[in-house]
$ cat run33.pdb   # PDB, C-alpha atoms and all ligand atoms
ATOM      1  CA  MET A 220     131.798 144.284 137.515  1.00  0.00           C
ATOM      2  CA  ILE A 221     128.842 142.606 139.175  1.00  0.00           C
ATOM      3  CA  ILE A 222     125.667 144.499 139.930  1.00  0.00           C
ATOM      4  CA  ALA A 223     123.166 142.609 142.085  1.00  0.00           C
ATOM      5  CA  ILE A 224     119.522 143.648 142.067  1.00  0.00           C
ATOM      6  CA  ASP A 225     117.360 141.844 144.577  1.00  0.00           C
ATOM      7  CA  GLY A 226     113.854 142.392 145.801  1.00  0.00           C
ATOM      8  CA  PRO A 227     110.314 141.039 145.932  1.00  0.00           C
ATOM      9  CA  ALA A 228     108.030 140.350 142.979  1.00  0.00           C
ATOM     10  CA  GLY A 229     106.562 143.419 141.330  1.00  0.00           C
ATOM     11  CA  ALA A 230     109.193 145.839 142.596  1.00  0.00           C
ATOM     12  CA  GLY A 231     110.373 146.408 139.023  1.00  0.00           C
ATOM     13  CA  LYS A 232     113.616 144.396 139.124  1.00  0.00           C
ATOM     14  CA  SER A 233     113.353 142.794 135.686  1.00  0.00           C
ATOM     15  CA  THR A 234     112.637 145.986 133.808  1.00  0.00           C
ATOM     16  CA  ILE A 235     115.250 147.966 135.665  1.00  0.00           C
ATOM     17  CA  ALA A 236     117.896 145.244 135.405  1.00  0.00           C
ATOM     18  CA  SER A 237     117.420 144.828 131.681  1.00  0.00           C
ATOM     19  CA  ARG A 238     117.394 148.581 130.987  1.00  0.00           C
ATOM     20  CA  LEU A 239     120.467 149.094 133.135  1.00  0.00           C
ATOM     21  CA  ALA A 240     122.330 146.230 131.472  1.00  0.00           C
ATOM     22  CA  ARG A 241     121.480 147.577 128.033  1.00  0.00           C
ATOM     23  CA  LYS A 242     122.707 151.061 128.944  1.00  0.00           C
ATOM     24  CA  LEU A 243     125.959 149.795 130.400  1.00  0.00           C
ATOM     25  CA  GLY A 244     126.510 147.130 127.757  1.00  0.00           C
ATOM     26  CA  TYR A 245     126.470 144.434 130.440  1.00  0.00           C
ATOM     27  CA  VAL A 246     124.926 140.988 130.374  1.00  0.00           C
ATOM     28  CA  ASN A 247     121.571 140.761 132.134  1.00  0.00           C
ATOM     29  CA  LEU A 248     121.012 137.488 133.949  1.00  0.00           C
ATOM     30  CA  GLU A 249     117.616 136.864 135.510  1.00  0.00           C
ATOM     31  CA  SER A 250     118.119 134.176 138.127  1.00  0.00           C
ATOM     32  CA  GLY A 251     114.388 133.668 138.765  1.00  0.00           C
ATOM     33  CA  ALA A 252     114.039 132.265 135.243  1.00  0.00           C
ATOM     34  CA  MET A 253     116.187 129.311 136.302  1.00  0.00           C
ATOM     35  CA  TYR A 254     113.900 128.426 139.222  1.00  0.00           C
ATOM     36  CA  ARG A 255     110.990 128.836 136.841  1.00  0.00           C
ATOM     37  CA  ALA A 256     112.565 126.485 134.275  1.00  0.00           C
ATOM     38  CA  LEU A 257     113.076 123.826 136.940  1.00  0.00           C
ATOM     39  CA  ALA A 258     109.466 124.195 138.102  1.00  0.00           C
ATOM     40  CA  LEU A 259     108.310 123.789 134.507  1.00  0.00           C
ATOM     41  CA  LYS A 260     110.324 120.620 134.118  1.00  0.00           C
ATOM     42  CA  ALA A 261     108.871 119.267 137.376  1.00  0.00           C
ATOM     43  CA  ILE A 262     105.365 119.937 136.078  1.00  0.00           C
ATOM     44  CA  GLY A 263     106.167 118.071 132.854  1.00  0.00           C
ATOM     45  CA  LYS A 264     107.582 115.090 134.743  1.00  0.00           C
ATOM     46  CA  ASP A 265     104.847 115.124 137.362  1.00  0.00           C
ATOM     47  CA  ILE A 266     107.323 115.654 140.176  1.00  0.00           C
ATOM     48  CA  SER A 267     106.040 117.271 143.358  1.00  0.00           C
ATOM     49  CA  PHE A 268     107.369 120.746 144.199  1.00  0.00           C
ATOM     50  CA  ASP A 269     107.872 119.388 147.724  1.00  0.00           C
ATOM     51  CA  ASP A 270     110.141 116.464 146.725  1.00  0.00           C
ATOM     52  CA  GLU A 271     113.602 117.928 147.250  1.00  0.00           C
ATOM     53  CA  ALA A 272     115.521 114.750 146.330  1.00  0.00           C
ATOM     54  CA  ALA A 273     113.640 114.316 143.058  1.00  0.00           C
ATOM     55  CA  LEU A 274     113.974 118.020 142.242  1.00  0.00           C
ATOM     56  CA  ILE A 275     117.728 118.109 142.728  1.00  0.00           C
ATOM     57  CA  GLN A 276     118.098 115.030 140.527  1.00  0.00           C
ATOM     58  CA  LEU A 277     115.897 116.724 137.963  1.00  0.00           C
ATOM     59  CA  ALA A 278     118.066 119.844 138.089  1.00  0.00           C
ATOM     60  CA  ARG A 279     121.228 117.788 137.590  1.00  0.00           C
ATOM     61  CA  ASP A 280     119.650 116.099 134.574  1.00  0.00           C
ATOM     62  CA  SER A 281     118.594 119.422 133.038  1.00  0.00           C
ATOM     63  CA  ARG A 282     120.246 121.984 130.849  1.00  0.00           C
ATOM     64  CA  ILE A 283     118.983 125.384 131.937  1.00  0.00           C
ATOM     65  CA  ARG A 284     120.458 128.276 129.996  1.00  0.00           C
ATOM     66  CA  LEU A 285     119.895 132.004 130.191  1.00  0.00           C
ATOM     67  CA  GLU A 286     120.561 133.536 126.823  1.00  0.00           C
ATOM     68  CA  PRO A 287     120.703 137.306 126.729  1.00  0.00           C
ATOM     69  CA  THR A 288     119.672 138.592 123.288  1.00  0.00           C
ATOM     70  CA  VAL A 289     119.183 142.082 121.908  1.00  0.00           C
ATOM     71  CA  GLY A 290     115.410 141.699 122.080  1.00  0.00           C
ATOM     72  CA  GLY A 291     115.440 140.444 125.678  1.00  0.00           C
ATOM     73  CA  ASN A 292     116.412 137.368 127.600  1.00  0.00           C
ATOM     74  CA  ARG A 293     115.616 133.879 126.463  1.00  0.00           C
ATOM     75  CA  THR A 294     115.403 130.908 128.763  1.00  0.00           C
ATOM     76  CA  LEU A 295     116.275 127.528 127.325  1.00  0.00           C
ATOM     77  CA  LEU A 296     115.332 124.280 129.012  1.00  0.00           C
ATOM     78  CA  ASP A 297     117.045 121.273 127.468  1.00  0.00           C
ATOM     79  CA  GLY A 298     117.467 123.284 124.280  1.00  0.00           C
ATOM     80  CA  ARG A 299     113.812 124.384 124.101  1.00  0.00           C
ATOM     81  CA  ASP A 300     112.845 128.040 124.325  1.00  0.00           C
ATOM     82  CA  VAL A 301     110.529 128.256 127.342  1.00  0.00           C
ATOM     83  CA  SER A 302     110.726 132.036 127.820  1.00  0.00           C
ATOM     84  CA  SER A 303     106.961 132.620 127.563  1.00  0.00           C
ATOM     85  CA  ARG A 304     105.741 129.422 129.168  1.00  0.00           C
ATOM     86  CA  ILE A 305     107.695 130.048 132.379  1.00  0.00           C
ATOM     87  CA  ARG A 306     105.746 133.290 133.005  1.00  0.00           C
ATOM     88  CA  GLU A 307     102.462 131.452 133.420  1.00  0.00           C
ATOM     89  CA  ARG A 308     100.784 131.136 136.801  1.00  0.00           C
ATOM     90  CA  ASP A 309     101.393 127.450 137.499  1.00  0.00           C
ATOM     91  CA  VAL A 310     105.119 127.912 136.876  1.00  0.00           C
ATOM     92  CA  THR A 311     105.229 131.137 138.891  1.00  0.00           C
ATOM     93  CA  GLU A 312     103.864 129.374 141.935  1.00  0.00           C
ATOM     94  CA  GLY A 313     106.054 126.319 141.302  1.00  0.00           C
ATOM     95  CA  ALA A 314     109.209 128.430 141.083  1.00  0.00           C
ATOM     96  CA  SER A 315     108.568 129.887 144.504  1.00  0.00           C
ATOM     97  CA  ARG A 316     107.925 126.415 145.906  1.00  0.00           C
ATOM     98  CA  VAL A 317     110.978 124.684 144.409  1.00  0.00           C
ATOM     99  CA  SER A 318     113.154 127.561 145.599  1.00  0.00           C
ATOM    100  CA  VAL A 319     112.621 126.750 149.293  1.00  0.00           C
ATOM    101  CA  HIS A 320     114.812 123.624 149.098  1.00  0.00           C
ATOM    102  CA  PRO A 321     118.430 124.179 150.200  1.00  0.00           C
ATOM    103  CA  ALA A 322     119.867 121.573 147.774  1.00  0.00           C
ATOM    104  CA  VAL A 323     118.033 123.136 144.847  1.00  0.00           C
ATOM    105  CA  ARG A 324     119.277 126.572 145.871  1.00  0.00           C
ATOM    106  CA  GLN A 325     122.841 125.351 146.184  1.00  0.00           C
ATOM    107  CA  TRP A 326     122.704 123.914 142.648  1.00  0.00           C
ATOM    108  CA  MET A 327     121.253 127.172 141.309  1.00  0.00           C
ATOM    109  CA  VAL A 328     123.802 129.324 143.117  1.00  0.00           C
ATOM    110  CA  GLU A 329     126.681 127.326 141.630  1.00  0.00           C
ATOM    111  CA  ARG A 330     125.284 127.643 138.092  1.00  0.00           C
ATOM    112  CA  GLN A 331     124.657 131.360 138.595  1.00  0.00           C
ATOM    113  CA  ARG A 332     128.211 131.932 139.800  1.00  0.00           C
ATOM    114  CA  GLU A 333     129.550 130.107 136.744  1.00  0.00           C
ATOM    115  CA  MET A 334     127.405 132.235 134.460  1.00  0.00           C
ATOM    116  CA  GLY A 335     128.499 135.505 136.035  1.00  0.00           C
ATOM    117  CA  ALA A 336     132.180 134.685 136.430  1.00  0.00           C
ATOM    118  CA  GLY A 337     134.558 136.971 134.588  1.00  0.00           C
ATOM    119  CA  ARG A 338     131.832 139.060 132.975  1.00  0.00           C
ATOM    120  CA  ASP A 339     130.211 142.419 133.486  1.00  0.00           C
ATOM    121  CA  VAL A 340     126.746 141.470 134.645  1.00  0.00           C
ATOM    122  CA  VAL A 341     123.565 142.786 136.116  1.00  0.00           C
ATOM    123  CA  MET A 342     122.063 139.807 137.903  1.00  0.00           C
ATOM    124  CA  GLU A 343     118.649 140.013 139.476  1.00  0.00           C
ATOM    125  CA  GLY A 344     116.898 137.764 141.942  1.00  0.00           C
ATOM    126  CA  ARG A 345     116.334 137.285 145.649  1.00  0.00           C
ATOM    127  CA  ASP A 346     119.734 136.204 146.997  1.00  0.00           C
ATOM    128  CA  ILE A 347     122.250 137.650 144.555  1.00  0.00           C
ATOM    129  CA  GLY A 348     123.722 140.125 147.039  1.00  0.00           C
ATOM    130  CA  THR A 349     123.476 137.793 150.031  1.00  0.00           C
ATOM    131  CA  LYS A 350     124.502 134.441 148.548  1.00  0.00           C
ATOM    132  CA  VAL A 351     125.379 134.279 144.860  1.00  0.00           C
ATOM    133  CA  PHE A 352     127.747 137.260 144.758  1.00  0.00           C
ATOM    134  CA  PRO A 353     128.258 138.475 148.339  1.00  0.00           C
ATOM    135  CA  SER A 354     131.161 140.604 147.111  1.00  0.00           C
ATOM    136  CA  ALA A 355     129.242 142.188 144.220  1.00  0.00           C
ATOM    137  CA  ASP A 356     130.475 145.675 143.322  1.00  0.00           C
ATOM    138  CA  LEU A 357     127.019 147.150 143.801  1.00  0.00           C
ATOM    139  CA  LYS A 358     124.012 145.698 145.589  1.00  0.00           C
ATOM    140  CA  VAL A 359     120.609 147.231 145.155  1.00  0.00           C
ATOM    141  CA  PHE A 360     117.537 146.049 147.011  1.00  0.00           C
ATOM    142  CA  LEU A 361     114.527 147.251 145.101  1.00  0.00           C
ATOM    143  CA  ASP A 362     111.362 147.337 147.135  1.00  0.00           C
ATOM    144  CA  ALA A 363     107.894 148.880 146.876  1.00  0.00           C
ATOM    145  CA  ASP A 364     104.685 148.989 148.824  1.00  0.00           C
ATOM    146  CA  PRO A 365     102.769 145.691 148.401  1.00  0.00           C
ATOM    147  CA  VAL A 366      99.661 147.429 147.077  1.00  0.00           C
ATOM    148  CA  VAL A 367     101.709 149.185 144.407  1.00  0.00           C
ATOM    149  CA  ARG A 368     103.463 145.946 143.479  1.00  0.00           C
ATOM    150  CA  GLU A 369     100.111 144.224 143.088  1.00  0.00           C
ATOM    151  CA  LYS A 370      98.851 147.053 140.874  1.00  0.00           C
ATOM    152  CA  ARG A 371     101.946 146.836 138.693  1.00  0.00           C
ATOM    153  CA  ARG A 372     101.596 143.078 138.317  1.00  0.00           C
ATOM    154  CA  LEU A 373      97.925 143.472 137.389  1.00  0.00           C
ATOM    155  CA  GLN A 374      98.839 146.070 134.804  1.00  0.00           C
ATOM    156  CA  GLN A 375     101.481 143.758 133.285  1.00  0.00           C
ATOM    157  CA  LEU A 376      98.929 140.968 133.001  1.00  0.00           C
ATOM    158  CA  LYS A 377      96.359 143.321 131.508  1.00  0.00           C
ATOM    159  CA  VAL A 378      98.833 144.359 128.815  1.00  0.00           C
ATOM    160  CA  LYS A 379      99.325 140.680 128.008  1.00  0.00           C
ATOM    161  CA  GLY A 380      95.544 140.244 127.876  1.00  0.00           C
ATOM    162  CA  GLU A 381      95.516 137.768 130.753  1.00  0.00           C
ATOM    163  CA  MET A 382      92.830 137.462 133.384  1.00  0.00           C
ATOM    164  CA  ALA A 383      94.152 137.406 136.920  1.00  0.00           C
ATOM    165  CA  PRO A 384      91.413 137.141 139.496  1.00  0.00           C
ATOM    166  CA  ASN A 385      93.682 136.160 142.392  1.00  0.00           C
ATOM    167  CA  VAL A 386      96.829 138.049 141.533  1.00  0.00           C
ATOM    168  CA  ALA A 387      96.973 139.954 144.820  1.00  0.00           C
ATOM    169  CA  ASP A 388      96.548 136.815 146.929  1.00  0.00           C
ATOM    170  CA  GLU A 389      99.088 134.897 144.853  1.00  0.00           C
ATOM    171  CA  LEU A 390     101.641 137.668 145.081  1.00  0.00           C
ATOM    172  CA  ARG A 391     101.211 137.937 148.834  1.00  0.00           C
ATOM    173  CA  GLU A 392     101.518 134.190 149.290  1.00  0.00           C
ATOM    174  CA  ARG A 393     104.654 134.050 147.167  1.00  0.00           C
ATOM    175  CA  ASP A 394     106.129 137.027 148.985  1.00  0.00           C
ATOM    176  CA  LEU A 395     105.562 135.409 152.336  1.00  0.00           C
ATOM    177  CA  ARG A 396     107.129 132.132 151.173  1.00  0.00           C
ATOM    178  CA  ASP A 397     110.164 133.906 149.658  1.00  0.00           C
ATOM    179  CA  ARG A 398     110.712 136.009 152.782  1.00  0.00           C
ATOM    180  CA  THR A 399     110.184 133.320 155.406  1.00  0.00           C
ATOM    181  CA  ARG A 400     111.896 130.243 153.919  1.00  0.00           C
ATOM    182  CA  THR A 401     114.810 128.973 155.982  1.00  0.00           C
ATOM    183  CA  ALA A 402     117.329 128.792 153.133  1.00  0.00           C
ATOM    184  CA  SER A 403     118.389 132.236 151.909  1.00  0.00           C
ATOM    185  CA  PRO A 404     115.196 134.119 152.629  1.00  0.00           C
ATOM    186  CA  LEU A 405     114.610 137.343 150.772  1.00  0.00           C
ATOM    187  CA  VAL A 406     116.366 140.017 152.846  1.00  0.00           C
ATOM    188  CA  PRO A 407     118.499 142.958 151.819  1.00  0.00           C
ATOM    189  CA  ALA A 408     122.236 142.314 152.129  1.00  0.00           C
ATOM    190  CA  GLN A 409     123.748 144.364 154.940  1.00  0.00           C
ATOM    191  CA  ASP A 410     125.626 146.492 152.433  1.00  0.00           C
ATOM    192  CA  ALA A 411     122.770 146.786 149.942  1.00  0.00           C
ATOM    193  CA  ILE A 412     121.366 150.158 148.966  1.00  0.00           C
ATOM    194  CA  VAL A 413     117.630 149.957 149.460  1.00  0.00           C
ATOM    195  CA  ILE A 414     115.553 151.817 146.896  1.00  0.00           C
ATOM    196  CA  ASP A 415     111.854 152.113 147.570  1.00  0.00           C
ATOM    197  CA  SER A 416     110.216 152.533 144.184  1.00  0.00           C
ATOM    198  CA  THR A 417     106.689 153.091 145.526  1.00  0.00           C
ATOM    199  CA  ASP A 418     106.622 156.730 144.447  1.00  0.00           C
ATOM    200  CA  LEU A 419     109.299 156.597 141.792  1.00  0.00           C
ATOM    201  CA  SER A 420     108.984 156.156 138.059  1.00  0.00           C
ATOM    202  CA  GLU A 421     111.063 153.577 136.231  1.00  0.00           C
ATOM    203  CA  ASP A 422     113.255 156.370 134.859  1.00  0.00           C
ATOM    204  CA  GLN A 423     113.836 157.770 138.346  1.00  0.00           C
ATOM    205  CA  VAL A 424     114.879 154.375 139.722  1.00  0.00           C
ATOM    206  CA  LEU A 425     117.207 153.841 136.801  1.00  0.00           C
ATOM    207  CA  GLU A 426     118.718 157.281 137.277  1.00  0.00           C
ATOM    208  CA  ARG A 427     119.453 156.556 140.945  1.00  0.00           C
ATOM    209  CA  ILE A 428     121.153 153.279 140.148  1.00  0.00           C
ATOM    210  CA  GLU A 429     123.161 154.841 137.345  1.00  0.00           C
ATOM    211  CA  LYS A 430     124.441 157.451 139.780  1.00  0.00           C
ATOM    212  CA  LEU A 431     125.532 154.677 142.159  1.00  0.00           C
ATOM    213  CA  VAL A 432     127.294 152.881 139.308  1.00  0.00           C
ATOM    214  CA  ALA A 433     129.079 156.091 138.322  1.00  0.00           C
ATOM    215  CA  GLN A 434     130.273 156.589 141.920  1.00  0.00           C
ATOM    216  CA  ILE A 435     131.657 153.068 142.051  1.00  0.00           C
ATOM    217  CA  MET A 436     133.438 153.435 138.733  1.00  0.00           C
ATOM    218  CA  GLN A 437     135.238 156.498 140.063  1.00  0.00           C
ATOM    219  CA  ILE A 438     136.700 154.612 143.016  1.00  0.00           C
TER     220      ILE A 438
HETATM  221  O1  LIG B 501     112.044 136.709 140.032  1.00  0.00           O
HETATM  222  P1  LIG B 501     110.989 135.697 139.726  1.00  0.00           P
HETATM  223  O2  LIG B 501     109.608 136.161 140.087  1.00  0.00           O
HETATM  224  O3  LIG B 501     111.055 135.234 138.304  1.00  0.00           O
HETATM  225  O4  LIG B 501     111.348 134.438 140.651  1.00  0.00           O
HETATM  226  C1  LIG B 501     110.525 133.302 140.693  1.00  0.00           C
HETATM  227  C2  LIG B 501     110.725 132.591 142.041  1.00  0.00           C
HETATM  228  O5  LIG B 501     112.045 132.066 142.116  1.00  0.00           O
HETATM  229  C3  LIG B 501     110.543 133.482 143.259  1.00  0.00           C
HETATM  230  O6  LIG B 501     109.244 133.386 143.780  1.00  0.00           O
HETATM  231  C4  LIG B 501     111.579 132.993 144.243  1.00  0.00           C
HETATM  232  C5  LIG B 501     112.582 132.248 143.417  1.00  0.00           C
HETATM  233  N1  LIG B 501     113.889 132.911 143.315  1.00  0.00           N
HETATM  234  C6  LIG B 501     114.774 132.703 144.330  1.00  0.00           C
HETATM  235  O7  LIG B 501     114.440 132.058 145.326  1.00  0.00           O
HETATM  236  N2  LIG B 501     116.028 133.202 144.238  1.00  0.00           N
HETATM  237  C7  LIG B 501     116.403 133.924 143.175  1.00  0.00           C
HETATM  238  N3  LIG B 501     117.654 134.411 143.107  1.00  0.00           N
HETATM  239  C8  LIG B 501     115.491 134.171 142.139  1.00  0.00           C
HETATM  240  C9  LIG B 501     114.217 133.666 142.249  1.00  0.00           C
END

$ encode --input "run33.pdb" --output "C-alpha cells"
Amino acid sequence: MIIAIDGPAGAGKSTIASRLARKLGYVNLESGAMYRALALKAIGKDISFDDEAALIQLARDSRIRLEPTVGGNRTLLDGRDVSSRIRERDVTEGASRVSVHPAVRQWMVERQREMGAGRDVVMEGRDIGTKVFPSADLKVFLDADPVVREKRRLQQLKVKGEMAPNVADELRERDLRDRTRTASPLVPAQDAIVIDSTDLSEDQVLERIEKLVAQIMQI
C-alpha cells in the first residue's frame, strides 16, 4: 500500500505523514530530506546549486539514506546523521534550487521508488502522486492558505528558538520555484484528493485521511 502526500511547504505534510504512518504501522519516507541532503553535500563541496552536471555526479557519488526510527526519521548522508543540519535555512533554500534540475529529479525518483517498493509506505513530497508513484493507492494533496502556512512555519521556528526575519519571503520564493519549475512542478495529481488544512486542526486532517484509507481498504 502506497500513500502519497504532496503539497507546499508549511501545509503540515511532515507531521501528518509521520502520525499517519505511525498509526497504520507503515514506513514514513520524507522525500524532501533527500533533496536537502544533496544540497548539504553541495554546500560542503562548494558546488553551485545551478550546476546540474556537477550535482548529478555528486548525487551518484553519495549515499543518501532515509532511516525511519521510532523517535522520528533520520537522514544519513554518507553514513553521517544530518537530520538536524538539513533543516537549516541555507539547506532549505538549496534543496529547492537543486530540485529544479531534471537529471537530479530523475535520480531522486529512482531512489525513492526503490525505497518504497514492496512496502507499506506513506511517502511525502511534491511529486509523489504525479511522478514517483503515479499508481499510489491513495493520493492526498495537502494545501493551506499561504498566510497560514507562513504562520505555522514561524511557530515551528519559534519552538526551536530560531530567529527568522525573512521566513515569509523565503517561503513564498520557494513556493514559487517549486510550483513553476519545468520538471515536475508542484501540482496535485489528477486523481489526488485535495485537503485544504487552512481551517482544520492536525487531528481533523488526520481523521479525514484515515477515513480515506479505511474506504480504500474496504475495496
Ligand atoms: O519537503 P521539504 O520542504 O523538505 O522539501 C525541500 C525541497 O525539496 C522543496 O523546496 C522542493 C524539493 N522537493 C521536491 O522537489 N520534490 C519532492 N518530492 C520533495 C521535495

$ closest_atom_pairs --input "run33.pdb" --of "chain A" --to "ligand LIG 501 (chain B)" --cutoff "9 Å" --atoms "only C-alpha atoms and all ligand atoms" --output "Markdown table"
| residue | atom | partner | partner_atom | distance |
| --- | --- | --- | --- | --- |
| A:Asp225 | CA | B:LIG501 | N3 | 7.6 |
| A:Gly226 | CA | B:LIG501 | O1 | 8.3 |
| A:Pro227 | CA | B:LIG501 | O1 | 7.5 |
| A:Ala228 | CA | B:LIG501 | O2 | 5.3 |
| A:Gly229 | CA | B:LIG501 | O2 | 8.0 |
| A:Lys232 | CA | B:LIG501 | O1 | 7.9 |
| A:Ser233 | CA | B:LIG501 | O1 | 7.6 |
| A:Glu249 | CA | B:LIG501 | O1 | 7.2 |
| A:Ser250 | CA | B:LIG501 | C8 | 4.8 |
| A:Gly251 | CA | B:LIG501 | C9 | 3.5 |
| A:Ala252 | CA | B:LIG501 | O3 | 5.2 |
| A:Met253 | CA | B:LIG501 | C8 | 7.6 |
| A:Tyr254 | CA | B:LIG501 | O5 | 5.0 |
| A:Arg255 | CA | B:LIG501 | C1 | 5.9 |
| A:Ile305 | CA | B:LIG501 | O3 | 8.6 |
| A:Arg306 | CA | B:LIG501 | O3 | 7.7 |
| A:Val310 | CA | B:LIG501 | C1 | 8.5 |
| A:Thr311 | CA | B:LIG501 | C1 | 6.0 |
| A:Glu312 | CA | B:LIG501 | O6 | 7.0 |
| A:Gly313 | CA | B:LIG501 | C2 | 7.9 |
| A:Ala314 | CA | B:LIG501 | C2 | 4.5 |
| A:Ser315 | CA | B:LIG501 | O6 | 3.6 |
| A:Arg316 | CA | B:LIG501 | O6 | 7.4 |
| A:Val317 | CA | B:LIG501 | C5 | 7.8 |
| A:Ser318 | CA | B:LIG501 | O7 | 4.7 |
| A:Val319 | CA | B:LIG501 | O7 | 6.9 |
| A:Arg324 | CA | B:LIG501 | O7 | 7.3 |
| A:Met327 | CA | B:LIG501 | N3 | 8.3 |
| A:Val328 | CA | B:LIG501 | N3 | 8.0 |
| A:Gln331 | CA | B:LIG501 | N3 | 8.9 |
| A:Met342 | CA | B:LIG501 | N3 | 8.7 |
| A:Glu343 | CA | B:LIG501 | N3 | 6.7 |
| A:Gly344 | CA | B:LIG501 | N3 | 3.6 |
| A:Arg345 | CA | B:LIG501 | N3 | 4.1 |
| A:Asp346 | CA | B:LIG501 | N3 | 4.8 |
| A:Ile347 | CA | B:LIG501 | N3 | 5.8 |
| A:Lys350 | CA | B:LIG501 | N3 | 8.7 |
| A:Val351 | CA | B:LIG501 | N3 | 7.9 |
| A:Leu390 | CA | B:LIG501 | O6 | 8.8 |
| A:Arg393 | CA | B:LIG501 | O6 | 5.7 |
| A:Asp394 | CA | B:LIG501 | O6 | 7.1 |
| A:Arg396 | CA | B:LIG501 | O6 | 7.8 |
| A:Asp397 | CA | B:LIG501 | C4 | 5.7 |
| A:Ala402 | CA | B:LIG501 | O7 | 8.9 |
| A:Ser403 | CA | B:LIG501 | O7 | 7.7 |
| A:Pro404 | CA | B:LIG501 | O7 | 7.6 |
| A:Leu405 | CA | B:LIG501 | O7 | 7.6 |

$ resolve_selection --input "run33.pdb" --expression "the PyMOL selection byres (((chain A and resi 236) around 12) and not hetatm)" --output "ChimeraX atom specification"
/A:221-226,230-235,237-250,291-292,340-344,358-361,421,424-425,428-429

$ closest_residue --input "run33.pdb" --among "A:Arg299, A:His320, A:Arg308, A:Arg293" --to "Asp269 (chain A)" --atoms "all atoms listed in the file"
A:His320

$ atom_distance --input "run33.pdb" --atom1 "CA of Glu329 (chain A)" --atom2 "CA of Ser281 (chain A)"
14.2 Å

$ atom_distance --input "run33.pdb" --atom1 "CA of Pro287 (chain A)" --atom2 "CA of Val301 (chain A)"
13.6 Å

$ residues_around --input "run33.pdb" --residues "Ala363 (chain A)" --least-positions-apart "6" --cutoff "7 Å" --atoms "all atoms listed in the file" --output "PyMOL selection string"
chain A and resi 230+415-417

$ atom_distance --input "run33.pdb" --atom1 "CA of Leu277 (chain A)" --atom2 "CA of Thr401 (chain A)"
21.8 Å

$ residues_around --input "run33.pdb" --residues "Ala383 (chain A)" --least-positions-apart "5" --cutoff "9 Å" --atoms "all atoms listed in the file" --output "list in words"
Leu373, Leu376 and Lys377 of chain A

$ closest_residue --input "run33.pdb" --among "A:Val413, A:Ala355, A:Ala387, A:Ile275" --to "Trp326 (chain A)" --atoms "only C-alpha atoms"
A:Ile275

$ closest_residue --input "run33.pdb" --among "A:Met436, A:Glu389, A:Leu357, A:Ala278" --to "Lys264 (chain A)" --atoms "all atoms listed in the file"
A:Ala278
